[in-house]
file work_12.csv (CSV, C-alpha atoms)
chain,number,residue,atom,x,y,z
A,102,MET,CA,0.3,8.8,-19.6
A,103,ASN,CA,3.5,9.5,-17.7
A,104,ILE,CA,6.5,7.4,-18.7
A,105,LYS,CA,8.8,6.8,-15.8
A,106,PRO,CA,12.5,7.3,-16.5
A,107,GLU,CA,13.3,3.7,-15.8
A,108,GLU,CA,10.8,2.7,-18.5
A,109,GLN,CA,12.8,4.7,-21.0
A,110,LEU,CA,15.9,2.7,-20.3
A,111,PRO,CA,16.8,-0.3,-22.5
A,112,ILE,CA,15.9,-3.6,-21.0
A,113,GLU,CA,19.0,-5.3,-19.7
A,114,GLU,CA,19.1,-8.8,-18.5
A,115,VAL,CA,20.3,-9.5,-15.0
A,116,ASP,CA,23.6,-11.3,-15.0
A,117,ALA,CA,22.9,-15.0,-14.6
A,118,GLN,CA,25.6,-15.5,-11.9
A,119,GLU,CA,24.5,-12.4,-10.1
A,120,GLU,CA,20.9,-13.6,-10.1
A,121,ALA,CA,21.9,-17.1,-8.9
A,122,GLU,CA,23.8,-15.6,-6.0
A,123,MET,CA,20.8,-13.4,-5.1
A,124,LYS,CA,18.4,-16.3,-5.3
A,125,ALA,CA,20.7,-18.4,-3.0
A,126,LEU,CA,20.7,-15.5,-0.6
A,127,PHE,CA,16.9,-15.2,-0.6
A,128,ALA,CA,16.6,-19.0,-0.1
A,129,ARG,CA,19.0,-19.0,2.8
A,130,THR,CA,17.2,-16.1,4.6
A,131,ARG,CA,13.9,-17.9,4.0
A,132,GLU,CA,15.2,-21.0,5.7
A,133,ALA,CA,16.5,-18.9,8.5
A,134,GLN,CA,13.0,-17.6,9.3
A,135,ASP,CA,11.1,-20.7,8.4
A,136,PRO,CA,8.3,-20.9,11.0
A,137,GLY,CA,7.8,-24.6,10.4
A,138,ASP,CA,5.1,-26.8,8.9
A,139,HIS,CA,2.9,-26.5,12.0
A,140,PHE,CA,2.7,-22.7,11.4
A,141,PHE,CA,1.5,-23.1,7.8
A,142,GLU,CA,-0.9,-25.9,8.7
A,143,ALA,CA,-2.4,-23.7,11.4
A,144,MET,CA,-2.7,-20.8,9.0
A,145,GLN,CA,-4.4,-22.9,6.4
A,146,GLY,CA,-6.8,-24.2,9.0
A,147,ASP,CA,-7.6,-20.7,10.1
A,148,ILE,CA,-8.2,-19.5,6.6
A,149,LEU,CA,-10.5,-22.5,5.8
A,150,SER,CA,-12.4,-22.0,9.0
A,151,GLN,CA,-13.2,-18.4,8.1
A,152,LEU,CA,-14.2,-18.8,4.5
A,153,ASP,CA,-17.8,-17.8,5.4
A,154,ALA,CA,-16.9,-15.0,7.7
A,155,PRO,CA,-17.1,-11.4,6.3
A,156,VAL,CA,-13.9,-10.3,4.8
A,157,GLN,CA,-11.9,-8.1,7.2
A,158,MET,CA,-11.5,-4.6,5.9
A,159,ARG,CA,-8.3,-2.7,6.1
A,160,GLY,CA,-7.4,-1.4,9.5
A,161,GLU,CA,-9.5,-4.0,11.3
A,162,LEU,CA,-7.9,-6.5,13.7
A,163,ALA,CA,-7.5,-10.1,12.9
A,164,PRO,CA,-9.8,-12.4,14.9
A,165,ALA,CA,-6.9,-13.5,17.2
A,166,ARG,CA,-6.3,-9.9,18.0
A,167,VAL,CA,-9.8,-8.7,18.5
A,168,ALA,CA,-9.9,-9.9,22.1
A,169,GLU,CA,-6.8,-7.8,22.8
A,170,SER,CA,-8.6,-4.7,22.0
A,171,ALA,CA,-11.2,-3.4,24.5
A,172,THR,CA,-10.7,0.2,23.4
A,173,PRO,CA,-14.0,2.1,23.0
A,174,TRP,CA,-15.1,2.5,19.4
A,175,TRP,CA,-14.8,6.2,19.4
A,176,ARG,CA,-11.1,6.0,20.5
A,177,ARG,CA,-10.4,3.5,17.7
A,178,PHE,CA,-12.2,5.7,15.3
A,179,LEU,CA,-10.1,8.7,16.2
A,180,ALA,CA,-7.0,6.6,16.1
A,181,ALA,CA,-7.8,5.3,12.6
A,182,PHE,CA,-8.6,8.8,11.5
A,183,SER,CA,-5.2,10.1,12.8
A,184,GLN,CA,-3.4,7.2,11.3
A,185,ASN,CA,-4.8,7.8,7.9
A,186,PRO,CA,-3.7,11.2,6.6
A,187,THR,CA,-5.5,10.6,3.3
A,188,LEU,CA,-8.8,10.1,5.1
A,189,ALA,CA,-8.1,13.1,7.3
A,190,TYR,CA,-7.2,15.4,4.5
A,191,GLY,CA,-10.2,14.1,2.4
A,192,GLY,CA,-12.4,14.9,5.4
A,193,VAL,CA,-11.1,18.4,5.7
A,194,MET,CA,-11.5,19.1,2.0
A,195,ALA,CA,-15.0,17.7,2.0
A,196,ALA,CA,-15.9,19.8,5.0
A,197,ALA,CA,-14.5,22.9,3.4
A,198,LEU,CA,-16.4,22.3,0.1
A,199,LEU,CA,-19.6,21.6,1.9
A,200,ALA,CA,-19.2,24.7,4.0
A,201,LEU,CA,-18.5,26.6,0.8
A,202,VAL,CA,-21.7,25.4,-0.8
A,203,PHE,CA,-24.0,25.7,2.2
A,204,TRP,CA,-22.5,28.8,3.8
A,205,PRO,CA,-25.4,30.9,5.1
A,206,LEU,CA,-26.2,33.8,2.7
A,207,GLU,CA,-25.8,36.6,5.3
A,208,THR,CA,-22.5,35.4,6.5
A,209,VAL,CA,-20.9,35.0,3.1
A,210,THR,CA,-17.9,37.3,3.2
A,211,PRO,CA,-16.3,39.3,0.5
A,212,LEU,CA,-13.6,37.5,-1.3
A,213,ASP,CA,-10.1,38.4,-2.0
A,214,PRO,CA,-10.1,41.3,-4.6
A,215,SER,CA,-9.1,39.2,-7.5
A,216,PRO,CA,-9.4,40.7,-10.9
A,217,GLU,CA,-10.8,37.3,-12.2
A,218,VAL,CA,-13.9,37.7,-10.0
A,219,ALA,CA,-16.4,40.1,-11.3
A,220,GLY,CA,-17.7,42.5,-8.7
A,221,THR,CA,-15.2,41.9,-6.1
A,222,ASP,CA,-12.3,44.0,-7.2
A,223,ALA,CA,-13.6,46.9,-5.2
A,224,LEU,CA,-13.8,45.0,-2.0
A,225,PRO,CA,-11.1,45.6,0.5
A,226,SER,CA,-9.0,42.6,1.4
A,227,GLU,CA,-9.2,43.4,5.1
A,228,ASP,CA,-12.9,42.5,4.9
A,229,VAL,CA,-12.1,38.9,4.4
A,230,SER,CA,-13.1,37.1,7.6
A,231,GLY,CA,-14.9,34.0,8.6
A,232,THR,CA,-13.4,32.0,5.9
A,233,VAL,CA,-13.1,28.3,5.9
A,234,LYS,CA,-9.6,27.2,7.1
A,235,VAL,CA,-7.9,24.5,5.1
A,236,LEU,CA,-4.7,23.0,6.3
A,237,VAL,CA,-2.0,22.7,3.7
A,238,PRO,CA,0.6,20.0,3.9
A,239,HIS,CA,4.0,21.5,4.4
A,240,GLU,CA,5.6,19.0,2.0
A,241,LEU,CA,4.0,20.7,-0.9
A,242,GLU,CA,6.5,22.2,-3.2
A,243,ALA,CA,6.4,25.9,-4.0
A,244,GLY,CA,4.9,25.3,-7.4
A,245,GLU,CA,2.1,23.1,-6.0
A,246,LEU,CA,1.4,25.6,-3.2
A,247,ALA,CA,1.2,28.4,-5.7
A,248,ARG,CA,-1.2,26.4,-7.8
A,249,LEU,CA,-3.3,25.7,-4.8
A,250,HIS,CA,-3.4,29.3,-3.9
A,251,ALA,CA,-4.4,30.2,-7.4
A,252,LEU,CA,-7.2,27.7,-7.5
A,253,THR,CA,-8.6,28.7,-4.2
A,254,ARG,CA,-8.2,32.5,-4.7
A,255,GLU,CA,-11.9,32.8,-5.6
A,256,MET,CA,-13.1,30.7,-2.8
A,257,PRO,CA,-13.6,31.7,0.8
A,258,LEU,CA,-10.8,29.4,1.9
A,259,ASP,CA,-8.0,30.3,4.2
A,260,LEU,CA,-4.9,28.3,3.6
A,261,LEU,CA,-2.9,27.5,6.7
A,262,SER,CA,0.7,26.7,6.7
A,263,GLU,CA,2.8,24.2,8.7
A,264,GLU,CA,3.2,26.7,11.5
A,265,ASP,CA,-0.6,26.5,12.0
A,266,GLY,CA,-0.4,23.0,13.2
A,267,TRP,CA,-0.4,20.7,10.2
A,268,THR,CA,1.8,17.7,11.1
A,269,GLY,CA,2.4,16.4,7.7
A,270,VAL,CA,1.0,14.0,5.2
A,271,GLU,CA,2.5,11.2,3.2
A,272,SER,CA,3.4,11.3,-0.4
A,273,GLU,CA,0.2,9.5,-1.3
A,274,SER,CA,-1.9,12.2,0.3
A,275,GLN,CA,0.0,14.7,-1.8
A,276,ALA,CA,-0.8,12.6,-4.9
A,277,PHE,CA,-4.5,12.7,-3.7
A,278,LEU,CA,-4.3,16.4,-3.3
A,279,GLY,CA,-2.8,16.8,-6.8
A,280,GLU,CA,-5.6,14.7,-8.3
A,281,ALA,CA,-8.1,16.8,-6.5
A,282,LEU,CA,-6.6,20.0,-7.8
A,283,ASP,CA,-6.5,18.6,-11.3
A,284,GLU,CA,-10.2,18.0,-11.1
A,285,LEU,CA,-10.8,21.6,-10.2
A,286,ASP,CA,-10.9,22.8,-13.8
A,287,ASP,CA,-12.0,26.2,-15.0
A,288,SER,CA,-15.7,25.1,-15.3
A,289,ASP,CA,-15.7,24.4,-11.6
A,290,LEU,CA,-14.3,27.8,-10.8
A,291,GLU,CA,-16.9,29.4,-13.0
A,292,TRP,CA,-19.6,27.5,-11.2
A,293,TRP,CA,-18.3,28.7,-7.9
A,294,GLU,CA,-18.1,32.3,-9.2
A,295,GLU,CA,-21.7,32.1,-10.3
A,296,GLN,CA,-22.8,30.7,-6.9
A,297,TYR,CA,-20.9,33.5,-5.2
A,298,GLU,CA,-22.4,36.2,-7.4
A,299,GLU,CA,-25.9,34.9,-6.9
A,300,ARG,CA,-25.4,35.1,-3.1
A,301,THR,CA,-23.8,38.5,-3.0
A,302,LEU,CA,-25.9,40.4,-5.6
B,183,MET,CA,-16.2,-34.8,2.1
B,184,PRO,CA,-13.4,-33.4,-0.1
B,185,SER,CA,-14.2,-33.2,-3.8
B,186,GLN,CA,-12.3,-35.2,-6.3
B,187,ALA,CA,-10.5,-32.1,-7.3
B,188,ALA,CA,-9.3,-31.5,-3.8
B,189,GLN,CA,-8.3,-35.0,-3.2
B,190,SER,CA,-5.8,-34.9,-6.0
B,191,GLN,CA,-2.7,-32.9,-5.2
B,192,GLU,CA,-1.6,-33.7,-8.8
B,193,LEU,CA,-4.1,-31.4,-10.4
B,194,SER,CA,-2.9,-28.1,-11.8
B,195,LEU,CA,-3.4,-24.9,-10.0
B,196,ASP,CA,-5.7,-23.7,-12.8
B,197,THR,CA,-7.9,-26.8,-12.4
B,198,LEU,CA,-8.1,-26.3,-8.7
B,199,VAL,CA,-8.9,-22.6,-9.1
B,200,THR,CA,-11.6,-23.4,-11.6
B,201,GLY,CA,-13.1,-25.7,-9.0
B,202,ALA,CA,-12.9,-23.0,-6.4
B,203,ILE,CA,-14.6,-20.6,-8.8
B,204,GLN,CA,-17.5,-23.1,-8.9
B,205,GLY,CA,-17.7,-23.1,-5.2
B,206,ASP,CA,-15.5,-26.1,-4.3
B,207,ARG,CA,-14.2,-25.1,-0.9
B,208,ALA,CA,-11.9,-28.2,-0.6
B,209,ALA,CA,-10.3,-27.2,-3.9
B,210,PHE,CA,-9.7,-23.8,-2.6
B,211,GLY,CA,-8.2,-25.4,0.5
B,212,VAL,CA,-5.6,-27.1,-1.7
B,213,VAL,CA,-4.9,-23.8,-3.4
B,214,VAL,CA,-4.3,-22.2,-0.1
B,215,GLY,CA,-1.9,-25.0,0.9
B,216,ARG,CA,-0.1,-24.7,-2.4
B,217,LEU,CA,0.4,-20.9,-2.4
B,218,GLN,CA,0.5,-19.8,1.2
B,219,LYS,CA,4.2,-20.4,1.7
B,220,THR,CA,5.4,-18.3,-1.2
B,221,LEU,CA,2.9,-15.7,-0.5
B,222,TYR,CA,3.8,-15.6,3.2
B,223,TYR,CA,7.5,-15.2,2.5
B,224,SER,CA,6.9,-12.5,-0.1
B,225,VAL,CA,4.6,-10.5,2.3
B,226,LEU,CA,7.1,-11.0,5.1
B,227,ARG,CA,9.8,-9.3,3.1
B,228,ILE,CA,7.4,-6.3,2.8
B,229,VAL,CA,5.9,-6.0,6.3
B,230,GLN,CA,8.9,-7.5,8.1
B,231,ASN,CA,6.9,-8.9,10.9
B,232,PRO,CA,5.7,-12.6,11.0
B,233,GLN,CA,2.4,-11.9,12.8
B,234,ASP,CA,1.5,-9.1,10.4
B,235,ALA,CA,2.6,-11.3,7.4
B,236,ARG,CA,0.3,-14.0,8.6
B,237,ASP,CA,-2.6,-11.6,9.0
B,238,VAL,CA,-2.1,-10.2,5.6
B,239,VAL,CA,-1.9,-13.6,4.0
B,240,GLN,CA,-5.0,-14.9,5.7
B,241,GLN,CA,-7.0,-11.8,4.8
B,242,ALA,CA,-5.8,-11.9,1.2
B,243,PHE,CA,-7.0,-15.5,0.8
B,244,LEU,CA,-10.3,-14.7,2.5
B,245,GLN,CA,-10.8,-11.7,0.2
B,246,ALA,CA,-9.8,-13.8,-2.8
B,247,TRP,CA,-12.4,-16.5,-1.8
B,248,ALA,CA,-15.1,-13.8,-1.3
B,249,LYS,CA,-14.4,-12.3,-4.8
B,250,ILE,CA,-13.4,-15.4,-6.7
B,251,GLY,CA,-16.5,-15.3,-8.7
B,252,THR,CA,-15.2,-12.1,-10.3
B,253,LEU,CA,-12.1,-13.7,-11.6
B,254,ASP,CA,-12.3,-14.1,-15.4
B,255,GLN,CA,-9.5,-16.5,-15.9
B,256,ALA,CA,-8.3,-19.2,-13.5
B,257,SER,CA,-4.7,-18.7,-14.8
B,258,ARG,CA,-4.7,-15.2,-13.4
B,259,PHE,CA,-5.4,-16.3,-9.8
B,260,LYS,CA,-1.9,-16.2,-8.5
B,261,SER,CA,-1.1,-12.7,-9.8
B,262,TRP,CA,-4.5,-11.6,-8.6
B,263,LEU,CA,-3.9,-13.1,-5.1
B,264,PHE,CA,-0.5,-11.4,-5.0
B,265,SER,CA,-1.9,-8.1,-6.0
B,266,ILE,CA,-4.5,-8.3,-3.1
B,267,ALA,CA,-1.8,-9.3,-0.6
B,268,LEU,CA,0.7,-6.7,-1.7
B,269,ASN,CA,-1.9,-4.0,-1.6
B,270,ARG,CA,-2.8,-5.0,2.0
B,271,ALA,CA,0.9,-5.2,2.9
B,272,ARG,CA,1.6,-1.8,1.4
B,273,ASN,CA,-1.4,-0.3,3.4
B,274,LEU,CA,-0.2,-1.9,6.6
B,275,VAL,CA,3.3,-0.6,6.2
B,276,ARG,CA,2.0,2.9,5.4
B,277,ASP,CA,-0.4,2.9,8.3
B,278,GLN,CA,2.2,1.7,10.7
B,279,GLY,CA,4.6,4.3,9.4
B,280,ARG,CA,7.2,4.8,11.9
B,281,ARG,CA,6.8,1.5,13.6
B,282,HIS,CA,10.1,-0.3,14.1
B,283,TYR,CA,10.8,-4.0,14.0
B,284,GLU,CA,14.0,-4.4,16.0
B,285,GLY,CA,12.4,-7.1,18.0
B,286,VAL,CA,11.5,-9.3,15.0
B,287,GLU,CA,14.4,-11.6,15.6
B,288,GLU,CA,13.1,-12.6,19.0
B,289,ASN,CA,9.5,-13.1,17.8
B,290,THR,CA,8.1,-16.4,19.2
B,291,LEU,CA,6.8,-17.3,15.7
B,292,MET,CA,10.4,-17.4,14.4
B,293,VAL,CA,11.9,-20.8,14.5
B,294,GLU,CA,15.3,-21.2,16.2
B,295,ALA,CA,18.0,-21.1,13.7
B,296,ARG,CA,20.4,-23.9,13.6
B,297,ALA,CA,23.2,-23.2,16.0
B,298,SER,CA,26.1,-23.5,13.5
B,299,THR,CA,24.7,-21.1,11.0
B,300,GLU,CA,22.8,-18.9,13.4
B,301,MET,CA,25.1,-15.9,13.3
B,302,VAL,CA,25.7,-15.9,9.6
B,303,ALA,CA,22.1,-16.4,8.8
B,304,ARG,CA,21.0,-13.6,11.2
B,305,GLU,CA,23.5,-11.2,9.7
B,306,GLU,CA,22.5,-12.0,6.2
B,307,LYS,CA,18.9,-11.7,7.0
B,308,ARG,CA,19.4,-8.3,8.6
B,309,ALA,CA,21.5,-7.0,5.7
B,310,LEU,CA,19.0,-8.2,3.1
B,311,ARG,CA,16.0,-6.8,5.1
B,312,GLU,CA,17.7,-3.4,5.4
B,313,ALA,CA,18.8,-3.4,1.7
B,314,LEU,CA,15.3,-4.4,0.5
B,315,ALA,CA,13.8,-1.6,2.6
B,316,LEU,CA,16.0,0.9,0.7
B,317,LEU,CA,14.7,-0.1,-2.7
B,318,PRO,CA,11.8,1.8,-4.3
B,319,THR,CA,8.5,0.0,-3.6
B,320,ARG,CA,8.0,-1.2,-7.2
B,321,GLN,CA,11.6,-2.6,-7.4
B,322,ARG,CA,11.3,-4.3,-4.0
B,323,GLU,CA,8.0,-6.0,-4.9
B,324,VAL,CA,9.2,-7.2,-8.3
B,325,VAL,CA,12.4,-8.6,-6.8
B,326,VAL,CA,10.6,-10.3,-4.0
B,327,MET,CA,8.0,-11.9,-6.3
B,328,ARG,CA,10.7,-13.1,-8.6
B,329,MET,CA,13.1,-14.4,-5.9
B,330,ASP,CA,10.7,-15.8,-3.4
B,331,ALA,CA,7.7,-16.8,-5.5
B,332,GLU,CA,9.6,-17.4,-8.8
B,333,MET,CA,6.9,-15.7,-10.8
B,334,PRO,CA,7.3,-15.0,-14.5
B,335,PHE,CA,7.4,-11.3,-15.4
B,336,THR,CA,4.0,-11.5,-17.1
B,337,GLU,CA,2.4,-12.6,-13.8
B,338,ILE,CA,4.4,-10.0,-11.8
B,339,GLY,CA,3.2,-7.4,-14.3
B,340,GLU,CA,-0.4,-8.5,-13.8
B,341,ALA,CA,0.0,-8.4,-10.0
B,342,LEU,CA,1.4,-4.9,-10.1
B,343,GLY,CA,-0.7,-3.5,-12.9
B,344,CYS,CA,2.2,-2.9,-15.2
B,345,THR,CA,3.7,-4.5,-18.3
B,346,ALA,CA,6.0,-7.5,-18.2
B,347,SER,CA,8.7,-5.3,-19.7
B,348,ASN,CA,8.3,-2.8,-17.0
B,349,ALA,CA,8.5,-5.5,-14.4
B,350,ARG,CA,11.7,-6.8,-16.0
B,351,VAL,CA,13.3,-3.4,-16.0
B,352,ASN,CA,12.4,-2.9,-12.4
B,353,TYR,CA,13.8,-6.3,-11.6
B,354,HIS,CA,17.1,-5.4,-13.3
B,355,HIS,CA,17.5,-2.2,-11.5
B,356,GLY,CA,16.3,-3.7,-8.2
B,357,VAL,CA,18.8,-6.6,-8.3
B,358,LYS,CA,21.6,-4.2,-9.3
B,359,ARG,CA,20.8,-1.8,-6.5
B,360,LEU,CA,20.3,-4.6,-4.0
B,361,ARG,CA,23.7,-6.1,-4.8
B,362,ALA,CA,25.4,-2.7,-4.5
B,363,LEU,CA,23.7,-2.1,-1.1
B,364,LEU,CA,24.6,-5.6,0.2
B,365,THR,CA,28.2,-5.1,-1.0
B,366,SER,CA,28.3,-1.8,0.7
B,367,SER,CA,26.9,-3.3,3.9
B,368,ARG,CA,29.5,-6.1,3.9
B,369,GLU,CA,32.3,-3.6,3.4
B,370,GLY,CA,31.0,-1.4,6.1
B,371,GLY,CA,30.9,-4.4,8.5
B,372,GLU,CA,34.4,-5.4,7.9
call {"tool": "encode", "arguments": {"input": "work_12.csv", "output": "structure tokens"}}
result
Amino acid sequence: MNIKPEEQLPIEEVDAQEEAEMKALFARTREAQDPGDHFFEAMQGDILSQLDAPVQMRGELAPARVAESATPWWRRFLAAFSQNPTLAYGGVMAAALLALVFWPLETVTPLDPSPEVAGTDALPSEDVSGTVKVLVPHELEAGELARLHALTREMPLDLLSEEDGWTGVESESQAFLGEALDELDDSDLEWWEEQYEERTL
Amino acid sequence: MPSQAAQSQELSLDTLVTGAIQGDRAAFGVVVGRLQKTLYYSVLRIVQNPQDARDVVQQAFLQAWAKIGTLDQASRFKSWLFSIALNRARNLVRDQGRRHYEGVEENTLMVEARASTEMVAREEKRALREALALLPTRQREVVVMRMDAEMPFTEIGEALGCTASNARVNYHHGVKRLRALLTSSREGGE
């Protein structure tokens, strides 16, 4: 378990006067944006009137806003996809892995001549073609990128850089990527090597 | 017809939540009335838009009602509700990404500030909003739950999935940093 730096610090109490001043500031700003009792009464009424309705999932519009949106479903689907880099990247990775597993035997291409892959060291690297292209977020640090390259060396994956059109992902997507990479342990790579050898022998 | 539990505003939150767990909708209605304000203000600090805050709060309550049968202890309801709402607020902010809220002051849902204090209040609100936005997420959420909802650190920890000590440390650093940012903002404005 990772211990954040702040957890290693001694617990200090917030100065009482400082806290009182801050509380007063929060209270004043609350008052300044108080929407009034009618607002909360209406909200409570809305909540109670919808208790039996299906719970709205993330990204859906509130009932009051549904009428505002007459956009075709496929447009909303594309918009939701583009607004969620995690989903987008997950989709790309899933497609890449599916393509790897179900790639037609006759079109399986020689892999990068890596010494770790038995039987491939004699293959010229210029034979590598038809690989699955995977977009790599440009926010990845050099170390992370190197690890990604190392992990995918044995796979028919072609890592594309920022110049190839990736527009960026958020830090959570990077975390997702890191977790995905962590799950690709050596046994996974061995399994992929076996699959590759069965197809190419 | 409202149940006895719902009729009495004197009952503790735990008692009302226990009633709601047993399917008492009226008891849940009282729970909504009791918690919606603090939840709304806390969420508003995160999403910075009244309509979005209202949507998040509504959906959090509806999700809580739909899953209330899974709650093992009534005493955990408030922290559980906050964890649902903050999660939704976080997702909303992340999804909206680069959306700006410069027009928030003029939103029709905002009540008109009292004339004599309008300028001061508006300036304070702007400074606090900007300073809060500069805090790390965890510190911001801890500070907001402590200041707006007056939650104890144990509940804040439950809501955020961390220990009470961790919540306390984040609170300490959050308040310190918030104060420094506000001081800097004031000095810059003078």
call {"tool": "atom_distance", "arguments": {"input": "work_12.csv", "atom1": "CA of Arg258 in chain B", "atom2": "CA of Ala346 in chain B"}}
result
14.0 Å
call {"tool": "interface_residues", "arguments": {"input": "work_12.csv", "of": "chain B", "to": "chain A", "cutoff": "7 Å", "atoms": "all atoms listed in the file", "output": "list in words"}}
result
Gly211, Val214, Gly215, Asp237, Gln240, Gln241, Leu244, Gln245, Trp247, Asp277, Leu291, Met292, Val293, Ala295, Ala303, Glu306, Lys307, Met329, Asp330, Asn348, Val351 and His354 of chain B
call {"tool": "atom_distance", "arguments": {"input": "work_12.csv", "atom1": "CA of Glu312 in chain B", "atom2": "CA of Ser261 in chain B"}}
result
25.9 Å
call {"tool": "atom_distance", "arguments": {"input": "work_12.csv", "atom1": "CA of Leu360 in chain B", "atom2": "CA of Ser224 in chain B"}}
result
16.0 Å
call {"tool": "residues_around", "arguments": {"input": "work_12.csv", "residues": "Glu337 in chain B", "least_positions_apart": "4", "cutoff": "12 Å", "atoms": "only C-alpha atoms", "output": "list in words"}}
result
Ser257, Arg258, Phe259, Lys260, Ser261, Trp262, Leu263, Phe264, Ser265, Val324, Met327, Arg328, Ala331, Glu332, Met333, Ala341, Leu342, Gly343, Cys344, Thr345, Ala346, Ser347, Asn348, Ala349 and Arg350 of chain B
call {"tool": "closest_residue", "arguments": {"input": "work_12.csv", "among": "B:Asp254, B:Glu340, B:Glu323, B:Glu305", "to": "Arg368 in chain B", "atoms": "only C-alpha atoms"}}
result
B:Glu305
